[in-house]
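Peer 1: The following block contains the structure, expressed as structure tokens.
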Amino acid sequence: MTTQPLTRNQGLVFDVLTHSEGPLSAYSILDKLRDDGFRAPLQVYRALDKLLEFGLVHRLESINAFVACAHPEEGCHAHGITAFTICETCGKVTEFHDHVIEDRLKGFAKDRNFKTGKTTIEIRGTCAGCA
């Protein structure tokens, strides 16, 4: 996690994501923060960019939405590969880390002389509550 304090906008965006029942798009975040003075998507995107950099939030590429990190006290940069299950019925997202999967993927890339950047795994399906 970053050692510098969050700006007002970063704090507001992080708070919305932390208290959300599920992932939110940038426009959904904007709608929730209009009463706090947010007027333009750029305000949300700037805050999200920094929160992503700090490892406090994640972007779920497959649904173009954001979630708060499950363990912001550590920051997700410490974990390497981040994985998510995404329920297509209720939208519930669960973040997890698996060192066996991480080691296998790192080995796969190394064997092919492939230098990895960011690796995120998104598993879509149905959660136990909706099955």
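Naming scheme: A, B, ... for chains in displayed order of the structure tokens; residues 1 onward per chain; ligands 1 onward as shown.
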Skipping near chain neighbours, those fewer than 2 positions away, what residues fall within 12 Å of Arg8 of chain A using only C-alpha atoms, listed as a list in words?
Peer 2: Pro5, Leu6, Gln10, Gly11, Leu12, Val13, Phe14, Asp15, Leu33, Asp36, Gly37, Phe38, Gln43, Val44, Arg46 and Ala47 of chain A
Peer 1: Identify, on the basis of only C-alpha atoms, every residue whose closest approach to Pro23 of chain A does not exceed 12 Å; exclude the query and any residue fewer than 3 positions from it along the same chain; express the result as a ChimeraX atom specification.
Peer 2: /A:16-20,26-29,57-69,84-88,90-95
Peer 1: Between A:Arg34, A:Asp111, A:Lys118, A:Ile101, which one has atoms that come closest to Leu52 of chain A, using only C-alpha atoms?
Peer 2: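 Comparing A:Arg34, A:Asp111, A:Lys118, A:Ile101 against Leu52 of chain A, the winner is A:Lys118.
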Peer 1: Mind listing the strand (DSSP E) residues of segment 4-128 of chain A, per DSSP on the backbone, as a PyMOL selection string?
Peer 2: chain A and resi 57-60+65-68+82-87+93-96+120-125
Peer 1: Identify, with DSSP run on backbone atoms, the residues in chain A assigned to alpha helix (DSSP H), and express the list as JSON, numbers by chain.
Peer 2: {"A": [8, 9, 10, 11, 12, 13, 14, 15, 16, 17, 18, 26, 27, 28, 29, 30, 31, 32, 41, 42, 43, 44, 45, 46, 47, 48, 49, 50, 51, 52, 53, 54, 99, 100, 101, 102, 103, 104, 105, 106, 107, 108, 109, 110, 111]}
Peer 1: Could you state the separation of atom CA of Leu24 of chain A and atom CA of Cys127 of chain A in Å, given to one decimal place?
Peer 2: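 Value for the atom CA of Leu24 of chain A-atom CA of Cys127 of chain A distance: 18.4 Å.
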